[in-house]
>>> print(open('coords21.pdb').read())   # PDB, C-alpha atoms
ATOM      1  CA  MET A  15      60.338  80.485 115.096
ATOM      2  CA  PHE A  16      62.344  83.579 116.050
ATOM      3  CA  ASP A  17      64.874  82.824 113.315
ATOM      4  CA  LYS A  18      62.132  82.977 110.683
ATOM      5  CA  ILE A  19      60.817  86.257 112.098
ATOM      6  CA  ALA A  20      64.321  87.710 112.073
ATOM      7  CA  GLU A  21      64.802  86.632 108.433
ATOM      8  CA  ILE A  22      61.486  88.210 107.431
ATOM      9  CA  LEU A  23      62.338  91.463 109.226
ATOM     10  CA  GLU A  24      65.785  91.509 107.607
ATOM     11  CA  TRP A  25      64.237  91.035 104.170
ATOM     12  CA  ILE A  26      61.699  93.804 104.814
ATOM     13  CA  MET A  27      64.488  96.185 105.901
ATOM     14  CA  LYS A  28      66.271  95.540 102.605
ATOM     15  CA  VAL A  29      63.284  96.565 100.483
ATOM     16  CA  VAL A  30      61.770  99.398 102.543
ATOM     17  CA  PRO A  31      63.034 102.850 101.518
ATOM     18  CA  ARG A  32      65.457 104.396 103.999
ATOM     19  CA  ILE A  33      66.135 107.924 105.108
ATOM     20  CA  VAL A  34      69.615 109.355 105.585
ATOM     21  CA  ILE A  35      70.545 112.786 106.896
ATOM     22  CA  ILE A  36      73.739 114.367 105.590
ATOM     23  CA  GLU A  37      75.015 116.814 108.208
ATOM     24  CA  PRO A  38      76.531 120.198 107.197
ATOM     25  CA  TYR A  39      80.091 118.962 107.859
ATOM     26  CA  ARG A  40      79.680 115.936 105.576
ATOM     27  CA  LYS A  41      79.091 115.073 101.932
ATOM     28  CA  GLY A  42      77.337 111.946 100.779
ATOM     29  CA  VAL A  43      78.240 109.775  97.819
ATOM     30  CA  ARG A  44      75.263 108.102  96.124
ATOM     31  CA  VAL A  45      75.957 104.834  94.305
ATOM     32  CA  ARG A  46      73.247 103.052  92.318
ATOM     33  CA  TRP A  47      73.733  99.530  90.954
ATOM     34  CA  GLY A  48      77.420  99.763  91.859
ATOM     35  CA  LYS A  49      78.070 102.944  89.842
ATOM     36  CA  TYR A  50      78.744 106.435  91.140
ATOM     37  CA  VAL A  51      75.702 108.709  90.686
ATOM     38  CA  LYS A  52      76.386 112.002  92.464
ATOM     39  CA  ILE A  53      77.623 113.906  95.506
ATOM     40  CA  LEU A  54      74.957 114.804  98.066
ATOM     41  CA  ASN A  55      75.207 117.996 100.099
ATOM     42  CA  LYS A  56      73.619 118.546 103.514
ATOM     43  CA  GLY A  57      69.987 117.548 103.752
ATOM     44  CA  LEU A  58      67.486 114.716 104.084
ATOM     45  CA  TYR A  59      67.502 111.962 101.441
ATOM     46  CA  VAL A  60      65.318 108.923 100.827
ATOM     47  CA  TYR A  61      66.808 105.962  98.986
ATOM     48  CA  TRP A  62      65.941 102.394  98.086
ATOM     49  CA  PRO A  63      68.533 100.082  99.703
ATOM     50  CA  VAL A  64      68.026  97.315  97.127
ATOM     51  CA  THR A  65      69.502  99.480  94.358
ATOM     52  CA  THR A  66      71.200 102.403  96.056
ATOM     53  CA  MET A  67      73.824 103.015  98.716
ATOM     54  CA  ILE A  68      74.677 106.377 100.289
ATOM     55  CA  THR A  69      78.014 106.754 102.066
ATOM     56  CA  PRO A  70      78.512 109.914 104.162
ATOM     57  CA  LEU A  71      82.035 111.304 104.480
ATOM     58  CA  VAL A  72      83.384 114.005 106.809
ATOM     59  CA  THR A  73      84.748 116.903 104.739
ATOM     60  CA  VAL A  74      85.915 119.369 107.399
ATOM     61  CA  ARG A  75      89.487 119.590 108.695
ATOM     62  CA  GLN A  76      90.658 116.414 110.422
ATOM     63  CA  THR A  77      93.823 115.320 112.186
ATOM     64  CA  ILE A  78      95.705 112.054 112.348
ATOM     65  CA  ASN A  79      98.139 111.413 115.179
ATOM     66  CA  LEU A  80     101.154 109.490 113.979
ATOM     67  CA  PRO A  81     102.473 107.027 116.557
ATOM     68  CA  ASN A  82     106.086 106.927 117.689
ATOM     69  CA  GLN A  83     108.481 105.186 115.369
ATOM     70  CA  TYR A  84     112.191 104.458 115.420
ATOM     71  CA  VAL A  85     114.339 106.376 112.949
ATOM     72  CA  VAL A  86     118.098 106.152 112.457
ATOM     73  CA  SER A  87     119.831 109.376 111.397
ATOM     74  CA  SER A  88     122.458 109.511 108.634
ATOM     75  CA  ASP A  89     125.215 109.302 111.273
ATOM     76  CA  GLY A  90     123.692 106.146 112.785
ATOM     77  CA  LYS A  91     122.033 107.555 115.933
ATOM     78  CA  PRO A  92     118.562 106.246 116.808
ATOM     79  CA  PHE A  93     115.638 108.578 117.450
ATOM     80  CA  GLY A  94     111.998 108.222 118.370
ATOM     81  CA  ALA A  95     109.712 110.419 116.280
ATOM     82  CA  SER A  96     105.980 111.099 116.239
ATOM     83  CA  GLY A  97     103.851 113.612 114.412
ATOM     84  CA  VAL A  98     100.469 114.859 113.297
ATOM     85  CA  VAL A  99      98.856 115.345 109.895
ATOM     86  CA  VAL A 100      96.074 117.863 109.295
ATOM     87  CA  TYR A 101      93.988 117.337 106.160
ATOM     88  CA  ARG A 102      90.646 118.152 104.575
ATOM     89  CA  VAL A 103      88.540 116.234 102.052
ATOM     90  CA  LEU A 104      88.002 118.283  98.880
ATOM     91  CA  ASN A 105      86.502 115.611  96.617
ATOM     92  CA  ALA A 106      84.357 113.046  98.450
ATOM     93  CA  GLU A 107      84.145 110.674  95.482
ATOM     94  CA  LYS A 108      87.925 110.419  95.090
ATOM     95  CA  ALA A 109      88.454 110.199  98.850
ATOM     96  CA  LEU A 110      86.139 107.168  98.991
ATOM     97  CA  TYR A 111      87.272 105.395  95.848
ATOM     98  CA  GLU A 112      91.000 106.113  95.540
ATOM     99  CA  THR A 113      91.872 104.538  98.919
ATOM    100  CA  HIS A 114      90.248 101.943 101.130
ATOM    101  CA  ASN A 115      90.761 103.773 104.421
ATOM    102  CA  ILE A 116      91.875 107.367 103.967
ATOM    103  CA  ASP A 117      93.151 107.882 107.540
ATOM    104  CA  ILE A 118      95.352 104.793 107.501
ATOM    105  CA  ALA A 119      96.667 105.591 104.015
ATOM    106  CA  ILE A 120      97.568 109.184 104.930
ATOM    107  CA  GLY A 121      99.181 108.021 108.175
ATOM    108  CA  ASP A 122     101.289 105.416 106.378
ATOM    109  CA  VAL A 123     102.478 107.911 103.758
ATOM    110  CA  ALA A 124     103.329 110.481 106.446
ATOM    111  CA  MET A 125     105.209 107.960 108.614
ATOM    112  CA  CYS A 126     107.287 106.871 105.616
ATOM    113  CA  GLY A 127     107.944 110.531 104.869
ATOM    114  CA  ILE A 128     109.131 111.155 108.439
ATOM    115  CA  ARG A 129     111.443 108.165 108.247
ATOM    116  CA  ASN A 130     112.839 109.248 104.884
ATOM    117  CA  ALA A 131     113.325 112.885 105.951
ATOM    118  CA  LEU A 132     115.062 112.089 109.250
ATOM    119  CA  SER A 133     117.248 109.287 107.922
ATOM    120  CA  LYS A 134     118.860 111.687 105.414
ATOM    121  CA  VAL A 135     120.008 114.151 108.094
ATOM    122  CA  ASP A 136     122.629 113.879 110.840
ATOM    123  CA  SER A 137     121.597 113.858 114.491
ATOM    124  CA  ASP A 138     122.750 117.424 115.237
ATOM    125  CA  THR A 139     120.581 118.825 112.449
ATOM    126  CA  ILE A 140     117.608 116.765 113.614
ATOM    127  CA  LEU A 141     117.793 118.242 117.105
ATOM    128  CA  LYS A 142     118.572 121.839 116.094
ATOM    129  CA  ASP A 143     116.614 122.553 112.918
ATOM    130  CA  ARG A 144     113.427 120.536 112.676
ATOM    131  CA  ASN A 145     111.529 123.191 110.673
ATOM    132  CA  SER A 146     113.897 122.811 107.715
ATOM    133  CA  TYR A 147     112.586 119.348 106.873
ATOM    134  CA  GLU A 148     108.955 119.772 107.985
ATOM    135  CA  ASP A 149     108.280 121.759 104.800
ATOM    136  CA  ASN A 150     109.885 119.051 102.662
ATOM    137  CA  LEU A 151     107.883 116.448 104.540
ATOM    138  CA  MET A 152     104.599 118.227 103.803
ATOM    139  CA  ILE A 153     105.484 118.551 100.113
ATOM    140  CA  GLU A 154     106.327 114.841  99.925
ATOM    141  CA  VAL A 155     103.053 113.803 101.590
ATOM    142  CA  ARG A 156     101.046 116.188  99.361
ATOM    143  CA  ASP A 157     102.673 114.777  96.224
ATOM    144  CA  GLN A 158     101.866 111.200  97.170
ATOM    145  CA  THR A 159      98.234 111.965  98.112
ATOM    146  CA  LYS A 160      97.352 114.516  95.401
ATOM    147  CA  ASP A 161      95.039 112.122  93.521
ATOM    148  CA  TRP A 162      93.052 111.115  96.613
ATOM    149  CA  GLY A 163      90.687 114.094  96.704
ATOM    150  CA  ILE A 164      92.227 115.565  99.849
ATOM    151  CA  LYS A 165      94.385 118.540 100.751
ATOM    152  CA  ILE A 166      97.212 118.046 103.227
ATOM    153  CA  MET A 167      97.218 121.248 105.260
ATOM    154  CA  LYS A 168     100.056 120.509 107.661
ATOM    155  CA  VAL A 169     102.478 117.767 108.634
ATOM    156  CA  SER A 170     104.257 118.410 111.925
ATOM    157  CA  LEU A 171     106.709 116.514 114.045
ATOM    158  CA  MET A 172     105.402 116.511 117.614
ATOM    159  CA  SER A 173     108.384 114.904 119.259
ATOM    160  CA  ILE A 174     111.865 113.874 118.279
ATOM    161  CA  VAL A 175     113.646 112.087 121.080
ATOM    162  CA  PRO A 176     117.165 110.612 120.981
ATOM    163  CA  VAL A 177     117.101 107.024 122.145
ATOM    164  CA  ARG A 178     120.238 105.542 123.662
ATOM    165  CA  VAL A 179     118.944 102.149 124.641
ATOM    166  CA  LEU A 180     116.975 100.224 122.041
ATOM    167  CA  GLY A 181     117.301  96.934 123.892
ATOM    168  CA  LEU A 182     114.738  97.696 126.593
ATOM    169  CA  MET A 183     112.194  94.967 126.688
ATOM    170  CA  SER A 184     108.478  95.715 126.856
ATOM    171  CA  SER A 185     108.275  93.461 129.917
ATOM    172  CA  ASP A 186     110.147  96.165 131.843
ATOM    173  CA  GLY A 187     107.174  98.452 131.267
ATOM    174  CA  ILE A 188     109.370 101.155 129.764
ATOM    175  CA  ASN A 189     108.880 102.426 126.235
ATOM    176  CA  PRO A 190     112.219 103.778 124.951
ATOM    177  CA  LEU A 191     110.327 106.356 122.889
ATOM    178  CA  ASP A 192     108.956 107.862 126.107
ATOM    179  CA  LEU A 193     112.452 108.473 127.463
ATOM    180  CA  ASN A 194     113.665 112.027 127.057
ATOM    181  CA  VAL A 195     117.361 111.282 127.303
ATOM    182  CA  GLU A 196     119.872 113.857 126.053
ATOM    183  CA  ASP A 197     123.406 112.931 124.935
TER     184      ASP A 197
END
>>> encode(input="coords21.pdb", output="structure tokens")
Amino acid sequence: MFDKIAEILEWIMKVVPRIVIIEPYRKGVRVRWGKYVKILNKGLYVYWPVTTMITPLVTVRQTINLPNQYVVSSDGKPFGASGVVVYRVLNAEKALYETHNIDIAIGDVAMCGIRNALSKVDSDTILKDRNSYEDNLMIEVRDQTKDWGIKIMKVSLMSIVPVRVLGLMSSDGINPLDLNVED
């Protein structure tokens, strides 16, 4: 009995027009019959869920924290590195349709960029002059994400830590990337 009522209510919810509010810090993308229709700015919108879908997307500045990762310098010394990416959505349509999950995609590109930048430099340069490759890192991430409808505003390395012991097991409860061990 309740299953039938639930099915009827579900069917009714599919055909009854819906209301969506697009907040000032978002844009909405309206899709009708599976095709892009237009970008919606802030406001109140009514749509028919049988034919139309509206997807809101945050367009103000956002940050992504990049988790610690192991990097080996050009002279073979291991480091733990983490960072942050600051970006803003400029084109909501491209941001939705050029990548499946924009945050994960940006994070993956930035983490690869960090690995590539640090693995080309020796350990002394990594510890002394981190600003010299942060600019190159930002340029690399911008180049790879330029068609996604976003602007990369900053890519920063939050921590670069030399790691002496990579063989610590997680059962010890110690994360080697949390160790701040100097040579």
>>> atom_distance(input="coords21.pdb", atom1="CA of Tyr39 (chain A)", atom2="CA of Val98 (chain A)")
21.5 Å
>>> resolve_selection(input="coords21.pdb", expression="the PyMOL selection byres ((chain A and resi 68-71) around 6)", output="PyMOL selection string")
chain A and resi 40-44+67+72
>>> residues_around(input="coords21.pdb", residues="Ser88 (chain A)", least_positions_apart="6", cutoff="9 Å", atoms="only C-alpha atoms", output="list in words")
Leu132, Ser133, Lys134, Val135, Asp136 and Ser137 of chain A
>>> residues_around(input="coords21.pdb", residues="region 144-150 of chain A", least_positions_apart="3", cutoff="8 Å", atoms="all atoms listed in the file", output="PyMOL selection string")
chain A and resi 131+139-141+153-154+169-171
>>> closest_residue(input="coords21.pdb", among="A:Trp25, A:Tyr50, A:Trp162, A:Tyr101", to="Ile78 (chain A)", atoms="only C-alpha atoms")
A:Tyr101
>>> build_atoms(input="coords21.pdb", residues="region 148-181 of chain A", atoms="N, CA and C atoms", output="PDB file, keeping the file's coordinate frame")
ATOM      1  N   GLU A 148     110.419 119.882 107.898  1.00  0.00           N
ATOM      2  CA  GLU A 148     108.955 119.772 107.985  1.00  0.00           C
ATOM      3  C   GLU A 148     108.298 120.231 106.691  1.00  0.00           C
ATOM      4  N   ASP A 149     108.830 121.290 106.070  1.00  0.00           N
ATOM      5  CA  ASP A 149     108.280 121.759 104.800  1.00  0.00           C
ATOM      6  C   ASP A 149     108.460 120.714 103.710  1.00  0.00           C
ATOM      7  N   ASN A 150     109.641 120.113 103.647  1.00  0.00           N
ATOM      8  CA  ASN A 150     109.885 119.051 102.662  1.00  0.00           C
ATOM      9  C   ASN A 150     108.987 117.844 102.909  1.00  0.00           C
ATOM     10  N   LEU A 151     108.749 117.562 104.173  1.00  0.00           N
ATOM     11  CA  LEU A 151     107.883 116.448 104.540  1.00  0.00           C
ATOM     12  C   LEU A 151     106.456 116.700 104.049  1.00  0.00           C
ATOM     13  N   MET A 152     105.946 117.905 104.247  1.00  0.00           N
ATOM     14  CA  MET A 152     104.599 118.227 103.803  1.00  0.00           C
ATOM     15  C   MET A 152     104.491 118.137 102.278  1.00  0.00           C
ATOM     16  N   ILE A 153     105.485 118.621 101.579  1.00  0.00           N
ATOM     17  CA  ILE A 153     105.484 118.551 100.113  1.00  0.00           C
ATOM     18  C   ILE A 153     105.475 117.097  99.645  1.00  0.00           C
ATOM     19  N   GLU A 154     106.270 116.259 100.297  1.00  0.00           N
ATOM     20  CA  GLU A 154     106.327 114.841  99.925  1.00  0.00           C
ATOM     21  C   GLU A 154     104.982 114.152 100.152  1.00  0.00           C
ATOM     22  N   VAL A 155     104.348 114.423 101.299  1.00  0.00           N
ATOM     23  CA  VAL A 155     103.053 113.803 101.590  1.00  0.00           C
ATOM     24  C   VAL A 155     101.989 114.329 100.621  1.00  0.00           C
ATOM     25  N   ARG A 156     102.005 115.613 100.330  1.00  0.00           N
ATOM     26  CA  ARG A 156     101.046 116.188  99.361  1.00  0.00           C
ATOM     27  C   ARG A 156     101.201 115.547  97.981  1.00  0.00           C
ATOM     28  N   ASP A 157     102.440 115.374  97.542  1.00  0.00           N
ATOM     29  CA  ASP A 157     102.673 114.777  96.224  1.00  0.00           C
ATOM     30  C   ASP A 157     102.116 113.357  96.138  1.00  0.00           C
ATOM     31  N   GLN A 158     102.304 112.593  97.200  1.00  0.00           N
ATOM     32  CA  GLN A 158     101.866 111.200  97.170  1.00  0.00           C
ATOM     33  C   GLN A 158     100.357 111.046  97.330  1.00  0.00           C
ATOM     34  N   THR A 159      99.677 112.062  97.872  1.00  0.00           N
ATOM     35  CA  THR A 159      98.234 111.965  98.112  1.00  0.00           C
ATOM     36  C   THR A 159      97.421 112.888  97.210  1.00  0.00           C
ATOM     37  N   LYS A 160      98.034 113.503  96.212  1.00  0.00           N
ATOM     38  CA  LYS A 160      97.352 114.516  95.401  1.00  0.00           C
ATOM     39  C   LYS A 160      96.159 113.973  94.621  1.00  0.00           C
ATOM     40  N   ASP A 161      96.143 112.704  94.289  1.00  0.00           N
ATOM     41  CA  ASP A 161      95.039 112.122  93.521  1.00  0.00           C
ATOM     42  C   ASP A 161      93.950 111.515  94.397  1.00  0.00           C
ATOM     43  N   TRP A 162      94.006 111.726  95.694  1.00  0.00           N
ATOM     44  CA  TRP A 162      93.052 111.115  96.613  1.00  0.00           C
ATOM     45  C   TRP A 162      91.877 112.010  96.968  1.00  0.00           C
ATOM     46  N   GLY A 163      91.799 113.205  96.411  1.00  0.00           N
ATOM     47  CA  GLY A 163      90.687 114.094  96.704  1.00  0.00           C
ATOM     48  C   GLY A 163      90.793 114.795  98.043  1.00  0.00           C
ATOM     49  N   ILE A 164      92.011 114.909  98.553  1.00  0.00           N
ATOM     50  CA  ILE A 164      92.227 115.565  99.849  1.00  0.00           C
ATOM     51  C   ILE A 164      93.283 116.651  99.705  1.00  0.00           C
ATOM     52  N   LYS A 165      93.325 117.534 100.689  1.00  0.00           N
ATOM     53  CA  LYS A 165      94.385 118.540 100.751  1.00  0.00           C
ATOM     54  C   LYS A 165      95.103 118.365 102.080  1.00  0.00           C
ATOM     55  N   ILE A 166      96.390 118.121 102.024  1.00  0.00           N
ATOM     56  CA  ILE A 166      97.212 118.046 103.227  1.00  0.00           C
ATOM     57  C   ILE A 166      97.517 119.479 103.632  1.00  0.00           C
ATOM     58  N   MET A 167      97.050 119.870 104.819  1.00  0.00           N
ATOM     59  CA  MET A 167      97.218 121.248 105.260  1.00  0.00           C
ATOM     60  C   MET A 167      98.489 121.438 106.084  1.00  0.00           C
ATOM     61  N   LYS A 168      98.869 120.397 106.824  1.00  0.00           N
ATOM     62  CA  LYS A 168     100.056 120.509 107.661  1.00  0.00           C
ATOM     63  C   LYS A 168     100.536 119.122 108.054  1.00  0.00           C
ATOM     64  N   VAL A 169     101.842 118.969 108.080  1.00  0.00           N
ATOM     65  CA  VAL A 169     102.478 117.767 108.634  1.00  0.00           C
ATOM     66  C   VAL A 169     103.515 118.276 109.622  1.00  0.00           C
ATOM     67  N   SER A 170     103.348 117.926 110.879  1.00  0.00           N
ATOM     68  CA  SER A 170     104.257 118.410 111.925  1.00  0.00           C
ATOM     69  C   SER A 170     104.848 117.255 112.700  1.00  0.00           C
ATOM     70  N   LEU A 171     106.068 117.461 113.140  1.00  0.00           N
ATOM     71  CA  LEU A 171     106.709 116.514 114.045  1.00  0.00           C
ATOM     72  C   LEU A 171     106.409 116.980 115.462  1.00  0.00           C
ATOM     73  N   MET A 172     105.751 116.135 116.247  1.00  0.00           N
ATOM     74  CA  MET A 172     105.402 116.511 117.614  1.00  0.00           C
ATOM     75  C   MET A 172     106.560 116.282 118.566  1.00  0.00           C
ATOM     76  N   SER A 173     107.250 115.168 118.380  1.00  0.00           N
ATOM     77  CA  SER A 173     108.384 114.904 119.259  1.00  0.00           C
ATOM     78  C   SER A 173     109.471 114.165 118.493  1.00  0.00           C
ATOM     79  N   ILE A 174     110.680 114.575 118.779  1.00  0.00           N
ATOM     80  CA  ILE A 174     111.865 113.874 118.279  1.00  0.00           C
ATOM     81  C   ILE A 174     112.754 113.666 119.493  1.00  0.00           C
ATOM     82  N   VAL A 175     112.931 112.411 119.857  1.00  0.00           N
ATOM     83  CA  VAL A 175     113.646 112.087 121.080  1.00  0.00           C
ATOM     84  C   VAL A 175     114.810 111.160 120.769  1.00  0.00           C
ATOM     85  N   PRO A 176     116.046 111.547 121.160  1.00  0.00           N
ATOM     86  CA  PRO A 176     117.165 110.612 120.981  1.00  0.00           C
ATOM     87  C   PRO A 176     116.987 109.405 121.896  1.00  0.00           C
ATOM     88  N   VAL A 177     117.257 108.262 121.378  1.00  0.00           N
ATOM     89  CA  VAL A 177     117.101 107.024 122.145  1.00  0.00           C
ATOM     90  C   VAL A 177     118.460 106.358 122.248  1.00  0.00           C
ATOM     91  N   ARG A 178     118.939 106.202 123.467  1.00  0.00           N
ATOM     92  CA  ARG A 178     120.238 105.542 123.662  1.00  0.00           C
ATOM     93  C   ARG A 178     120.106 104.041 123.734  1.00  0.00           C
ATOM     94  N   VAL A 179     119.065 103.575 124.394  1.00  0.00           N
ATOM     95  CA  VAL A 179     118.944 102.149 124.641  1.00  0.00           C
ATOM     96  C   VAL A 179     117.760 101.599 123.863  1.00  0.00           C
ATOM     97  N   LEU A 180     118.041 100.841 122.819  1.00  0.00           N
ATOM     98  CA  LEU A 180     116.975 100.224 122.041  1.00  0.00           C
ATOM     99  C   LEU A 180     116.648  98.827 122.557  1.00  0.00           C
ATOM    100  N   GLY A 181     117.475  98.301 123.434  1.00  0.00           N
ATOM    101  CA  GLY A 181     117.301  96.934 123.892  1.00  0.00           C
ATOM    102  C   GLY A 181     116.357  96.773 125.065  1.00  0.00           C
TER     103      GLY A 181
END
